[in-house]
>>> print(open('model.cif').read())   # mmCIF, C-alpha atoms and all ligand atoms
data_entry
#
loop_
_atom_site.label_atom_id
_atom_site.label_comp_id
_atom_site.auth_asym_id
_atom_site.auth_seq_id
_atom_site.Cartn_x
_atom_site.Cartn_y
_atom_site.Cartn_z
CA MET A 1 0.00 0.00 0.00
CA SER A 2 1.52 3.33 -1.01
CA ILE A 3 0.43 6.82 -0.08
CA LYS A 4 0.80 10.21 -1.68
CA LEU A 5 2.58 13.00 0.15
CA THR A 6 3.59 16.45 -0.98
CA CYS A 7 7.11 17.46 -0.04
CA LEU A 8 6.59 20.41 2.30
CA THR A 9 10.00 21.80 1.34
CA CYS A 10 9.81 21.89 -2.48
CA GLY A 11 6.16 21.03 -3.22
CA GLN A 12 6.89 17.87 -5.23
CA GLY A 13 4.30 15.09 -5.04
CA ASN A 14 5.78 11.80 -3.80
CA ARG A 15 4.37 8.29 -3.65
CA ILE A 16 5.88 6.15 -0.92
CA PRO A 17 5.14 2.75 0.60
CA GLU A 18 3.15 3.21 3.78
CA ASP A 19 5.54 1.06 5.79
CA ARG A 20 8.42 3.36 4.91
CA LEU A 21 6.82 6.41 6.55
CA GLY A 22 8.83 5.87 9.70
CA GLY A 23 12.02 4.94 7.88
CA GLY A 24 13.11 8.45 6.94
CA ALA A 25 11.43 8.49 3.50
CA LYS A 26 12.86 11.29 1.38
CA CYS A 27 11.52 13.52 -1.38
CA GLY A 28 12.52 12.24 -4.84
CA THR A 29 13.24 15.78 -6.03
CA CYS A 30 14.98 17.73 -3.26
CA GLY A 31 16.01 14.86 -0.94
CA ASP A 32 14.52 16.40 2.19
CA ARG A 33 12.70 14.16 4.67
CA LEU A 34 8.95 13.88 4.09
CA MET A 35 8.16 13.18 7.76
CA LYS A 36 9.47 15.49 10.46
CA ASP A 37 8.74 15.45 14.15
CA LYS A 38 8.11 19.18 14.24
CA PRO A 39 5.95 21.72 12.38
CA VAL A 40 7.27 22.96 9.04
CA GLU A 41 6.80 26.53 7.83
CA ILE A 42 5.09 26.36 4.41
CA SER A 43 3.93 28.69 1.63
CA LEU A 44 0.37 28.98 0.39
CA ASP A 45 1.35 27.33 -2.91
CA ILE A 46 2.66 24.27 -1.11
CA LEU A 47 -0.45 24.12 1.06
CA LYS A 48 -2.69 24.23 -2.03
CA LYS A 49 -0.90 21.19 -3.45
CA ALA A 50 -0.65 19.28 -0.18
CA GLU A 51 -4.29 19.71 0.81
CA ARG A 52 -5.37 18.08 -2.47
CA LEU A 53 -2.79 15.35 -2.74
CA ASP A 54 -1.84 14.14 0.73
CA ASP A 55 -3.23 10.84 2.00
CA LEU A 56 -1.99 11.59 5.51
CA PRO A 57 -3.69 14.31 7.59
CA LEU A 58 -1.96 17.67 7.27
CA VAL A 59 -2.61 19.95 10.24
CA VAL A 60 -2.00 23.61 9.54
CA ASP A 61 -1.55 26.30 12.16
CA PHE A 62 -2.64 29.61 10.61
CA TRP A 63 -0.80 32.28 12.56
CA ALA A 64 0.74 35.76 12.43
CA SER A 65 3.65 37.33 14.30
CA TRP A 66 1.46 40.11 15.75
CA CYS A 67 -0.93 37.59 17.30
CA GLY A 68 -0.03 36.99 20.98
CA PRO A 69 -2.21 33.86 21.41
CA CYS A 70 -0.60 32.40 18.27
CA ARG A 71 2.84 32.74 19.86
CA MET A 72 1.50 31.09 23.02
CA MET A 73 0.19 28.17 21.04
CA GLY A 74 3.35 27.62 18.98
CA PRO A 75 5.08 25.37 21.56
CA GLU A 76 1.85 23.39 22.16
CA PHE A 77 1.51 22.78 18.44
CA ALA A 78 5.12 21.59 18.28
CA LYS A 79 4.56 19.20 21.22
CA ALA A 80 1.47 17.74 19.53
CA ALA A 81 3.50 17.24 16.33
CA SER A 82 6.11 15.13 18.07
CA ALA A 83 3.41 13.22 20.02
CA LEU A 84 1.57 12.15 16.86
CA GLY A 85 4.69 10.93 15.05
CA ASN A 86 3.85 9.42 11.67
CA ARG A 87 0.06 9.66 11.98
CA ALA A 88 -0.08 13.25 10.70
CA ARG A 89 2.10 16.08 9.46
CA PHE A 90 2.13 19.54 11.01
CA ALA A 91 2.72 22.81 9.21
CA LYS A 92 2.53 26.52 9.94
CA LEU A 93 1.34 29.18 7.55
CA ASP A 94 2.03 32.87 8.13
CA THR A 95 -1.25 34.59 7.23
CA GLU A 96 0.51 37.95 7.01
CA ALA A 97 2.91 36.72 4.33
CA TYR A 98 -0.01 35.26 2.32
CA PRO A 99 -2.93 37.71 2.70
CA GLU A 100 -5.22 35.77 0.33
CA THR A 101 -5.26 32.93 2.87
CA GLY A 102 -8.05 34.58 4.87
CA SER A 103 -10.69 34.47 2.17
CA ARG A 104 -9.55 31.16 0.68
CA TYR A 105 -10.08 29.35 3.98
CA SER A 106 -12.83 31.63 5.41
CA ILE A 107 -10.65 32.54 8.38
CA ARG A 108 -12.41 34.67 10.96
CA GLY A 109 -9.80 34.56 13.71
CA ILE A 110 -6.40 33.15 14.55
CA PRO A 111 -4.86 31.03 15.88
CA LEU A 112 -6.76 28.61 13.70
CA LEU A 113 -5.96 24.95 13.10
CA ILE A 114 -7.31 23.15 10.03
CA ALA A 115 -6.73 19.46 9.29
CA PHE A 116 -6.78 18.43 5.61
CA ARG A 117 -6.62 15.06 3.87
CA SER A 118 -7.11 14.03 0.22
CA GLY A 119 -8.77 17.27 -0.83
CA ARG A 120 -11.10 17.41 2.14
CA GLU A 121 -11.17 19.53 5.27
CA LEU A 122 -11.34 17.09 8.18
CA GLY A 123 -12.01 19.75 10.76
CA ARG A 124 -10.92 23.06 12.25
CA ARG A 125 -10.60 24.68 15.63
CA THR A 126 -9.94 28.25 16.70
CA GLY A 127 -8.20 29.63 19.75
CA VAL A 128 -5.28 28.54 21.88
CA THR A 129 -5.37 24.76 22.30
CA PRO A 130 -3.11 22.72 24.62
CA ALA A 131 -0.90 20.02 23.06
CA GLY A 132 -2.94 17.12 24.50
CA GLU A 133 -6.18 18.45 23.04
CA ILE A 134 -4.59 19.06 19.65
CA ALA A 135 -3.28 15.49 19.59
CA ASP A 136 -6.68 14.04 20.60
CA TRP A 137 -8.50 16.15 18.04
CA VAL A 138 -6.12 15.23 15.19
CA GLY A 139 -6.23 11.56 16.18
CA ALA A 140 -10.04 11.60 16.07
CA SER A 141 -10.14 13.55 12.78
CA ALA A 142 -7.73 11.11 11.18
CA ARG A 143 -10.02 8.18 11.91
CA ALA A 144 -13.14 9.97 10.56
ZN ZN A 201 11.17 18.04 -1.97
#
>>> encode(input="model.cif", output="structure tokens")
Amino acid sequence: MSIKLTCLTCGQGNRIPEDRLGGGAKCGTCGDRLMKDKPVEISLDILKKAERLDDLPLVVDFWASWCGPCRMMGPEFAKAASALGNRARFAKLDTEAYPETGSRYSIRGIPLLIAFRSGRELGRRTGVTPAGEIADWVGASARA
């Protein structure tokens, strides 16, 4: 069984055997690791590709540097990323750097987390969320 994953570094689509997820699978184009144990800063273009293609849940933290609660949640988000290991990937998108993000994803407030998989939004939650709750929520979304 193989799954599709977008490289969060260069945006290349990759197809890898599911059992190699934990084995340091690398992008065929840029050679970077597809699975990381911490959130990766991504561009809107990469998000657009990944949300359509990825077979593994992609959890995105929509944030901005001026947003105090976003900065508070950053470490919680990172803890949740390492807790979930290979069951999901975590990314951060700077809404200030990509202003069109707000209307594309109907964002009314940040911090906002949205989980995507295979072209579908699995769920979203707004406000500061502790690591344990993020992990539970993503785990439940991934099974849905
Ligand atoms: Zn790559």
>>> closest_atom_pairs(input="model.cif", of="chain A", to="ligand ZN 201 (chain A)", cutoff="7 Å", atoms="all atoms listed in the file", output="Markdown table")
| residue | atom | partner | partner_atom | distance |
| --- | --- | --- | --- | --- |
| A:Cys7 | CA | A:ZN201 | ZN | 4.5 |
| A:Leu8 | CA | A:ZN201 | ZN | 6.7 |
| A:Thr9 | CA | A:ZN201 | ZN | 5.1 |
| A:Cys10 | CA | A:ZN201 | ZN | 4.1 |
| A:Gly11 | CA | A:ZN201 | ZN | 6.0 |
| A:Gln12 | CA | A:ZN201 | ZN | 5.4 |
| A:Cys27 | CA | A:ZN201 | ZN | 4.6 |
| A:Gly28 | CA | A:ZN201 | ZN | 6.6 |
| A:Thr29 | CA | A:ZN201 | ZN | 5.1 |
| A:Cys30 | CA | A:ZN201 | ZN | 4.0 |
| A:Gly31 | CA | A:ZN201 | ZN | 5.9 |
| A:Asp32 | CA | A:ZN201 | ZN | 5.6 |
>>> closest_residue(input="model.cif", among="A:Ile3, A:Leu112, A:Arg117, A:Cys70", to="Leu47 (chain A)", atoms="all atoms listed in the file")
A:Arg117
>>> atom_distance(input="model.cif", atom1="CA of Thr126 (chain A)", atom2="CA of Leu5 (chain A)")
25.8 Å
>>> closest_residue(input="model.cif", among="A:Lys38, A:Trp63, A:Lys4, A:Glu76", to="Tyr98 (chain A)", atoms="only C-alpha atoms")
A:Trp63
>>> atom_distance(input="model.cif", atom1="CA of Arg120 (chain A)", atom2="CA of Ala50 (chain A)")
10.9 Å
>>> residues_around(input="model.cif", residues="Ile134 (chain A)", least_positions_apart="5", cutoff="8 Å", atoms="all atoms listed in the file", output="ChimeraX atom specification")
/A:77,80,129
>>> closest_residue(input="model.cif", among="A:Asp19, A:Asp45, A:Glu121, A:Asp136", to="Glu100 (chain A)", atoms="only C-alpha atoms")
A:Asp45
>>> residues_around(input="model.cif", residues="Ser82 (chain A)", least_positions_apart="3", cutoff="8 Å", atoms="all atoms listed in the file", output="ChimeraX atom specification")
/A:37-38,78-79,85
>>> write_last_selection(input="model.cif", atoms="C-alpha atoms", output="short mmCIF file (atom, residue, chain, number, x, y, z; two decimals), in the coordinates of the input")
data_model
loop_
_atom_site.label_atom_id
_atom_site.label_comp_id
_atom_site.auth_asym_id
_atom_site.auth_seq_id
_atom_site.Cartn_x
_atom_site.Cartn_y
_atom_site.Cartn_z
CA ASP A 37 8.74 15.45 14.15
CA LYS A 38 8.11 19.18 14.24
CA ALA A 78 5.12 21.59 18.28
CA LYS A 79 4.56 19.20 21.22
CA GLY A 85 4.69 10.93 15.05
#
>>> closest_residue(input="model.cif", among="A:Pro69, A:Gly102, A:Pro17, A:Pro57", to="Gly127 (chain A)", atoms="only C-alpha atoms")
A:Pro69
>>> atom_distance(input="model.cif", atom1="CA of Ser65 (chain A)", atom2="CA of Ile110 (chain A)")
10.9 Å
>>> residues_around(input="model.cif", residues="Met73 (chain A)", least_positions_apart="6", cutoff="8 Å", atoms="all atoms listed in the file", output="count of residues only")
4
>>> closest_residue(input="model.cif", among="A:Val59, A:Val138, A:Ala131, A:Leu84", to="Leu113 (chain A)", atoms="only C-alpha atoms")
A:Val59
>>> residues_around(input="model.cif", residues="Leu56 (chain A)", least_positions_apart="4", cutoff="12 Å", atoms="all atoms listed in the file", output="ChimeraX atom specification")
/A:2-6,15-16,18,21,34-35,50-52,84-90,115-120,122,138-139,141-143
>>> write_last_selection(input="model.cif", atoms="C-alpha atoms", output="mmCIF file, in the coordinates of the input")
data_model
loop_
_atom_site.group_PDB
_atom_site.id
_atom_site.type_symbol
_atom_site.label_atom_id
_atom_site.label_comp_id
_atom_site.auth_asym_id
_atom_site.auth_seq_id
_atom_site.Cartn_x
_atom_site.Cartn_y
_atom_site.Cartn_z
ATOM 1 C CA SER A 2 1.520 3.330 -1.010
ATOM 2 C CA ILE A 3 0.430 6.820 -0.080
ATOM 3 C CA LYS A 4 0.800 10.210 -1.680
ATOM 4 C CA LEU A 5 2.580 13.000 0.150
ATOM 5 C CA THR A 6 3.590 16.450 -0.980
ATOM 6 C CA ARG A 15 4.370 8.290 -3.650
ATOM 7 C CA ILE A 16 5.880 6.150 -0.920
ATOM 8 C CA GLU A 18 3.150 3.210 3.780
ATOM 9 C CA LEU A 21 6.820 6.410 6.550
ATOM 10 C CA LEU A 34 8.950 13.880 4.090
ATOM 11 C CA MET A 35 8.160 13.180 7.760
ATOM 12 C CA ALA A 50 -0.650 19.280 -0.180
ATOM 13 C CA GLU A 51 -4.290 19.710 0.810
ATOM 14 C CA ARG A 52 -5.370 18.080 -2.470
ATOM 15 C CA LEU A 84 1.570 12.150 16.860
ATOM 16 C CA GLY A 85 4.690 10.930 15.050
ATOM 17 C CA ASN A 86 3.850 9.420 11.670
ATOM 18 C CA ARG A 87 0.060 9.660 11.980
ATOM 19 C CA ALA A 88 -0.080 13.250 10.700
ATOM 20 C CA ARG A 89 2.100 16.080 9.460
ATOM 21 C CA PHE A 90 2.130 19.540 11.010
ATOM 22 C CA ALA A 115 -6.730 19.460 9.290
ATOM 23 C CA PHE A 116 -6.780 18.430 5.610
ATOM 24 C CA ARG A 117 -6.620 15.060 3.870
ATOM 25 C CA SER A 118 -7.110 14.030 0.220
ATOM 26 C CA GLY A 119 -8.770 17.270 -0.830
ATOM 27 C CA ARG A 120 -11.100 17.410 2.140
ATOM 28 C CA LEU A 122 -11.340 17.090 8.180
ATOM 29 C CA VAL A 138 -6.120 15.230 15.190
ATOM 30 C CA GLY A 139 -6.230 11.560 16.180
ATOM 31 C CA SER A 141 -10.140 13.550 12.780
ATOM 32 C CA ALA A 142 -7.730 11.110 11.180
ATOM 33 C CA ARG A 143 -10.020 8.180 11.910
#
>>> closest_residue(input="model.cif", among="A:Ile114, A:Tyr105, A:Asn14, A:Arg124", to="Leu53 (chain A)", atoms="all atoms listed in the file")
A:Asn14
>>> axis_aligned_box(input="model.cif", around="region 84-95 of chain A", padding_each_side="5 Å", output="AutoDock Vina command-line options")
--center_x 1.7 --center_y 22.0 --center_z 12.0 --size_x 15.9 --size_y 35.2 --size_z 19.6
